[in-house]
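Asks: Here you go, this is run07.cif (mmCIF, C-alpha atoms).
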```cif
data_coords
#
loop_
_atom_site.label_atom_id
_atom_site.label_comp_id
_atom_site.auth_asym_id
_atom_site.auth_seq_id
_atom_site.Cartn_x
_atom_site.Cartn_y
_atom_site.Cartn_z
CA MET A 1 95.76 -97.59 8.35
CA GLY A 2 98.47 -96.75 10.91
CA VAL A 3 99.85 -98.33 14.05
CA THR A 4 99.52 -97.26 17.67
CA VAL A 5 101.77 -98.13 20.60
CA ASP A 6 100.73 -97.47 24.21
CA VAL A 7 103.16 -97.37 27.14
CA HIS A 8 102.53 -97.09 30.87
CA GLN A 9 105.29 -96.99 33.48
CA VAL A 10 105.53 -96.02 37.13
CA TYR A 11 108.89 -94.63 38.20
CA LYS A 12 109.45 -95.04 41.92
CA TYR A 13 110.99 -91.58 42.12
CA PRO A 14 109.47 -88.15 42.84
CA PHE A 15 108.02 -86.16 39.94
CA GLU A 16 110.70 -83.43 40.02
CA GLN A 17 113.54 -85.95 39.73
CA VAL A 18 111.82 -87.82 36.89
CA VAL A 19 111.17 -84.65 34.87
CA SER A 20 114.74 -83.46 35.44
CA SER A 21 116.09 -86.79 34.18
CA PHE A 22 113.73 -86.75 31.19
CA LEU A 23 114.94 -83.32 30.12
CA ARG A 24 118.57 -84.54 30.25
CA LYS A 25 117.93 -87.99 28.78
CA TYR A 26 119.44 -87.38 25.32
CA PRO A 27 121.96 -87.59 23.82
CA ASN A 28 122.95 -90.71 25.70
CA PRO A 29 125.43 -93.52 24.94
CA MET A 30 122.64 -96.08 25.51
CA ASP A 31 120.80 -94.73 22.45
CA LYS A 32 123.18 -93.62 19.73
CA ASN A 33 120.27 -92.93 17.35
CA VAL A 34 119.63 -89.57 19.06
CA ILE A 35 122.39 -87.28 17.81
CA SER A 36 121.33 -84.01 19.44
CA VAL A 37 118.49 -82.25 21.27
CA LYS A 38 118.28 -78.47 21.25
CA THR A 39 115.85 -76.26 23.17
CA VAL A 40 114.63 -73.67 20.65
CA GLU A 41 112.03 -71.97 22.85
CA GLU A 42 111.34 -71.81 26.57
CA LYS A 43 108.98 -69.52 28.45
CA ARG A 44 107.07 -69.40 31.71
CA ASP A 45 103.50 -68.19 32.00
CA VAL A 46 103.68 -65.90 35.01
CA SER A 47 99.97 -66.26 35.79
CA THR A 48 99.90 -70.10 35.81
CA GLY A 49 103.57 -70.98 36.42
CA ILE A 50 103.47 -73.38 33.47
CA ILE A 51 106.81 -73.74 31.68
CA TYR A 52 106.56 -74.26 27.91
CA ARG A 53 109.49 -75.78 26.01
CA LYS A 54 110.02 -76.57 22.36
CA ARG A 55 112.94 -78.83 21.49
CA ILE A 56 114.24 -80.21 18.21
CA ALA A 57 115.90 -83.62 18.15
CA VAL A 58 118.12 -84.84 15.35
CA CYS A 59 118.15 -88.63 15.04
CA GLN A 60 119.88 -91.09 12.77
CA ASN A 61 117.71 -92.52 10.04
CA VAL A 62 116.98 -96.04 11.30
CA VAL A 63 115.04 -97.23 8.26
CA PRO A 64 116.69 -100.52 7.20
CA GLU A 65 119.13 -100.19 4.31
CA ILE A 66 117.01 -102.50 2.14
CA LEU A 67 114.09 -100.05 2.35
CA ARG A 68 116.33 -97.07 1.58
CA LYS A 69 116.25 -98.07 -2.07
CA VAL A 70 113.24 -95.72 -2.18
CA SER A 71 114.79 -92.29 -2.83
CA ILE A 72 112.85 -90.37 -0.15
CA LEU A 73 114.19 -92.73 2.54
CA LYS A 74 117.89 -92.21 1.65
CA ILE A 75 118.47 -89.27 4.00
CA PRO A 76 121.00 -89.69 6.88
CA ASP A 77 119.05 -87.92 9.67
CA ILE A 78 115.47 -87.13 10.68
CA GLN A 79 114.17 -84.31 12.86
CA LEU A 80 111.58 -84.48 15.60
CA GLU A 81 109.85 -81.59 17.34
CA GLU A 82 108.86 -81.93 20.99
CA GLU A 83 106.68 -79.47 22.87
CA SER A 84 106.14 -79.75 26.60
CA TRP A 85 104.06 -78.00 29.25
CA LEU A 86 105.41 -78.43 32.77
CA ASN A 87 102.99 -77.55 35.56
CA PRO A 88 105.07 -77.66 38.77
CA GLN A 89 102.08 -76.91 41.02
CA GLU A 90 100.01 -79.84 39.70
CA ARG A 91 103.15 -81.98 39.34
CA SER A 92 102.42 -82.87 35.73
CA MET A 93 104.10 -82.47 32.38
CA ALA A 94 102.35 -83.00 29.05
CA ILE A 95 104.49 -83.67 25.97
CA GLN A 96 103.60 -83.74 22.28
CA SER A 97 106.12 -84.86 19.68
CA HIS A 98 105.97 -85.25 15.93
CA CYS A 99 108.30 -85.95 13.06
CA LEU A 100 109.35 -83.01 10.88
CA THR A 101 110.82 -85.28 8.19
CA TRP A 102 108.78 -87.09 5.53
CA THR A 103 105.61 -85.22 6.49
CA GLN A 104 104.13 -85.69 3.00
CA TYR A 105 104.44 -89.48 3.36
CA ALA A 106 104.23 -90.26 7.06
CA SER A 107 102.73 -88.99 10.26
CA MET A 108 104.46 -89.82 13.54
CA LYS A 109 102.97 -88.37 16.71
CA GLU A 110 103.49 -89.11 20.38
CA GLU A 111 101.55 -87.79 23.33
CA SER A 112 102.98 -88.35 26.78
CA VAL A 113 102.25 -87.36 30.36
CA PHE A 114 104.35 -87.47 33.49
CA ARG A 115 102.28 -87.01 36.65
CA GLU A 116 102.34 -87.71 40.33
CA SER A 117 101.26 -91.30 40.89
CA LEU A 118 97.86 -91.85 42.51
CA GLU A 119 99.34 -94.94 44.15
CA ASN A 120 102.13 -93.02 45.93
CA PRO A 121 102.77 -89.24 45.78
CA ASN A 122 106.54 -89.91 45.79
CA TRP A 123 106.27 -91.89 42.55
CA THR A 124 105.70 -90.69 38.99
CA GLU A 125 103.39 -92.19 36.41
CA PHE A 126 104.35 -92.05 32.72
CA ILE A 127 101.75 -92.63 30.00
CA GLN A 128 102.57 -92.48 26.29
CA ARG A 129 100.70 -93.11 23.07
CA GLY A 130 102.60 -93.14 19.81
CA ARG A 131 100.99 -93.34 16.38
CA ILE A 132 102.57 -93.75 12.97
CA SER A 133 100.73 -93.86 9.66
CA ILE A 134 102.36 -94.07 6.25
CA THR A 135 100.76 -92.95 3.00
CA GLY A 136 101.93 -92.51 -0.55
CA ALA A 137 104.37 -95.42 -0.51
CA GLY A 138 102.08 -97.91 -2.31
CA PHE A 139 102.71 -101.49 -1.28
CA PHE A 140 105.56 -100.30 0.99
CA ASN A 141 103.03 -98.70 3.38
CA CYS A 142 102.37 -101.95 5.23
CA ILE A 143 106.05 -102.93 5.39
CA LEU A 144 107.08 -99.50 6.67
CA GLU A 145 104.27 -99.44 9.27
CA THR A 146 105.30 -102.89 10.53
CA PHE A 147 108.89 -101.69 10.89
CA ALA A 148 107.70 -98.46 12.53
CA SER A 149 105.56 -100.37 15.04
CA THR A 150 108.50 -102.54 16.09
CA PHE A 151 110.77 -99.50 16.26
CA LEU A 152 108.24 -97.55 18.40
CA LYS A 153 107.83 -100.45 20.85
CA GLN A 154 111.58 -101.03 21.15
CA GLY A 155 112.24 -97.28 21.42
CA ALA A 156 109.71 -96.89 24.22
CA GLN A 157 111.24 -99.76 26.18
CA LYS A 158 114.76 -98.40 25.60
CA GLY A 159 113.61 -94.95 26.77
CA ILE A 160 112.25 -96.47 29.99
CA ARG A 161 115.53 -98.35 30.60
CA ILE A 162 117.52 -95.14 30.05
CA MET A 163 115.27 -93.24 32.45
CA GLU A 164 115.60 -95.94 35.12
CA MET A 165 119.40 -95.91 34.71
CA LEU A 166 119.62 -92.09 34.89
CA LEU A 167 117.33 -91.97 37.93
CA LYS A 168 119.33 -94.63 39.73
CA GLU A 169 122.64 -92.85 38.92
CA GLN A 170 121.35 -89.43 39.97
CA CYS A 171 119.03 -90.30 42.85
CA GLY A 172 120.03 -93.72 44.15
CA ALA A 173 117.76 -96.71 44.63
CA PRO A 174 114.03 -96.30 43.89
CA LEU A 175 111.75 -95.28 46.74
CA ALA A 176 109.97 -98.14 48.48
CA GLU A 177 106.22 -98.22 48.95
#
```
Can you dump the structure from the file as structure tokens?

Replies:
Amino acid sequence: MGVTVDVHQVYKYPFEQVVSSFLRKYPNPMDKNVISVKTVEEKRDVSTGIIYRKRIAVCQNVVPEILRKVSILKIPDIQLEEESWLNPQERSMAIQSHCLTWTQYASMKEESVFRESLENPNWTEFIQRGRISITGAGFFNCILETFASTFLKQGAQKGIRIMEMLLKEQCGAPLAE
């Protein structure tokens, strides 16, 4: 089955400032679930100027304690892998993330894009689609997917609030139309 969550946000800040804030977003006291983020690979394609990054995030296991009765869910932390392709000339950054934990039981993938807004070139559009599907947990599949859907929606909204706060701290008030 699976659940999908779509997010769309326009940040009233230039692309370069938004990307810079995104790359420094975690760890952050506003989201204590993200314990660490480490860049494990970074390279620039000299012919295109595209910067590729691979980062690994370690996050607290947020599965409710009641569901952790299932042995595979009893771990303290989960790992996520994020790959990004920053194209400074086109003012866009594509991001793909997936969970490295529980891969035999669950699939969690996110695809995101930051790009110059069509509405205003000094603004940045953010589009994200997250998908989680759970298999192999029997009747728990539906319960876990419901929890995951709520967690994805809340996480996306929290991520937007953190970005807005970081941008305001680092760049001042948003740019007017």

Asks: Which residue gives the smallest distance to Cys171 (chain A) among A:Glu110, A:Glu16, A:Glu81, A:Asp6, with all atoms listed in the file counted?

Replies: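 Going through A:Glu110, A:Glu16, A:Glu81, A:Asp6 one by one, the smallest distance to Cys171 (chain A) is for A:Glu16.
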
Asks: Care to translate the PyMOL selection byres ((chain A and resi 133) around 7) into actual residues of this file, as a list in words?

Replies: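 Taken on the displayed file, the PyMOL selection byres ((chain A and resi 133) around 7) yields the residues Met1, Gly2, Val3, Ala106, Ser107, Met108, Arg131, Ile132, Ile134, Thr135 and Glu145 of chain A.
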
Asks: Could you write out that same residue set with C-alpha atoms as a compact mmCIF listing (two decimals), keeping the file's coordinate frame?

Replies:
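The resulting file, again-v9.txt, is shown below:
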```
# COMPACT_ATOMS: atom_id res chain seq x y z
CA MET A 1 95.76 -97.59 8.35
CA GLY A 2 98.47 -96.75 10.91
CA VAL A 3 99.85 -98.33 14.05
CA ALA A 106 104.23 -90.26 7.06
CA SER A 107 102.73 -88.99 10.26
CA MET A 108 104.46 -89.82 13.54
CA ARG A 131 100.99 -93.34 16.38
CA ILE A 132 102.57 -93.75 12.97
CA ILE A 134 102.36 -94.07 6.25
CA THR A 135 100.76 -92.95 3.00
CA GLU A 145 104.27 -99.44 9.27
```

Asks: Evaluating the PyMOL selection byres ((chain A and resi 38-42) around 9) on the displayed file yields which residues, as an MDAnalysis selection string?

Replies: chainID A and resid 36:37 43:44 51:58

Asks: Since I can't run it myself right now, could you work out what the PyMOL selection byres ((chain A and resi 50) around 9) selects here and report it as a list in words?

Replies: Lys43, Arg44, Asp45, Val46, Ser47, Thr48, Gly49, Ile51, Tyr52, Trp85, Leu86, Asn87, Pro88 and Gln89 of chain A

Asks: Produce a file of the selected residues containing C-alpha atoms, as a PDB file, in the frame of the given file.

Replies:
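Listed below is the output, selection11.pdb:
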```
ATOM      1  CA  LYS A  43     108.980 -69.520  28.450  1.00  0.00           C
ATOM      2  CA  ARG A  44     107.070 -69.400  31.710  1.00  0.00           C
ATOM      3  CA  ASP A  45     103.500 -68.190  32.000  1.00  0.00           C
ATOM      4  CA  VAL A  46     103.680 -65.900  35.010  1.00  0.00           C
ATOM      5  CA  SER A  47      99.970 -66.260  35.790  1.00  0.00           C
ATOM      6  CA  THR A  48      99.900 -70.100  35.810  1.00  0.00           C
ATOM      7  CA  GLY A  49     103.570 -70.980  36.420  1.00  0.00           C
ATOM      8  CA  ILE A  51     106.810 -73.740  31.680  1.00  0.00           C
ATOM      9  CA  TYR A  52     106.560 -74.260  27.910  1.00  0.00           C
ATOM     10  CA  TRP A  85     104.060 -78.000  29.250  1.00  0.00           C
ATOM     11  CA  LEU A  86     105.410 -78.430  32.770  1.00  0.00           C
ATOM     12  CA  ASN A  87     102.990 -77.550  35.560  1.00  0.00           C
ATOM     13  CA  PRO A  88     105.070 -77.660  38.770  1.00  0.00           C
ATOM     14  CA  GLN A  89     102.080 -76.910  41.020  1.00  0.00           C
TER      15      GLN A  89
END
```

Asks: As an exercise, work out the distance from CA of Leu175 (chain A) to CA of Tyr13 (chain A) in Å and give it to one decimal place.

Replies: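 Calculated distance between CA of Leu175 (chain A) and CA of Tyr13 (chain A) is 6.0 Å.
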
Asks: What lies within 7 Å of Pro14 (chain A) using all atoms listed in the file, ignoring chain neighbours under 3 positions off, as JSON, numbers by chain?

Replies: {"A": [17, 18, 122, 123, 124]}

Asks: Compare A:Tyr11, A:Gly138, A:Ser84, A:Ile95 by their minimum atom-to-atom distance to Ala173 (chain A), counting only C-alpha atoms, and give me the closest one.

Replies: A:Tyr11

Asks: Go ahead and compute the interatomic distance for CA of Glu125 (chain A) and CA of Gln60 (chain A), in Å to one decimal.

Replies: 28.8 Å

Asks: Given the choices A:Ser21, A:Ser97, A:Asn61, A:Thr146, which gets closest to Gly159 (chain A) if the distance is worked out from only C-alpha atoms?

Replies: A:Ser21

Asks: Please return the centre and edge lengths, in Å to one decimal, of a box with edges along x, y and z that contains all listed atoms of region 79-98 of chain A, widened by 6 Å on every side, as AutoDock Vina command-line options.

Replies:
```
--center_x 107.1 --center_y -81.1 --center_z 26.9 --size_x 26.2 --size_y 20.3 --size_z 40.2
```

Asks: Which residue, A:Val10, A:Cys59, A:Met30, A:Ile143, has the smallest gap to Leu118 (chain A) when you use only C-alpha atoms?

Replies: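 Of all the options, A:Val10 lies closest to Leu118 (chain A).
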
Asks: Can you tell me how far CA of Asn120 (chain A) sits from CA of Val19 (chain A), in Å to one decimal?

Replies: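 Value for the CA of Asn120 (chain A)-CA of Val19 (chain A) distance: 16.6 Å.
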
Asks: Between A:Tyr105, A:Leu152, A:Ala176, A:Ser112, which has the minimum distance to Phe140 (chain A) (counting only C-alpha atoms)?

Replies: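 When distances to Phe140 (chain A) are compared using only C-alpha atoms, the smallest one comes from A:Tyr105.
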
Asks: Neighbouring residues of Leu100 (chain A) were defined as those with any atom within 8 Å, considering only C-alpha atoms; residues of the same chain fewer than 4 positions away were excluded. Please report them as a count of residues only.

Replies: 4

Asks: Choose the residue, out of A:Arg115, A:Lys32, A:Lys158, A:Lys25, that has the smallest atom-to-atom separation from Glu90 (chain A); count all atoms listed in the file.

Replies: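 So, comparing all the options, the nearest one is A:Arg115.
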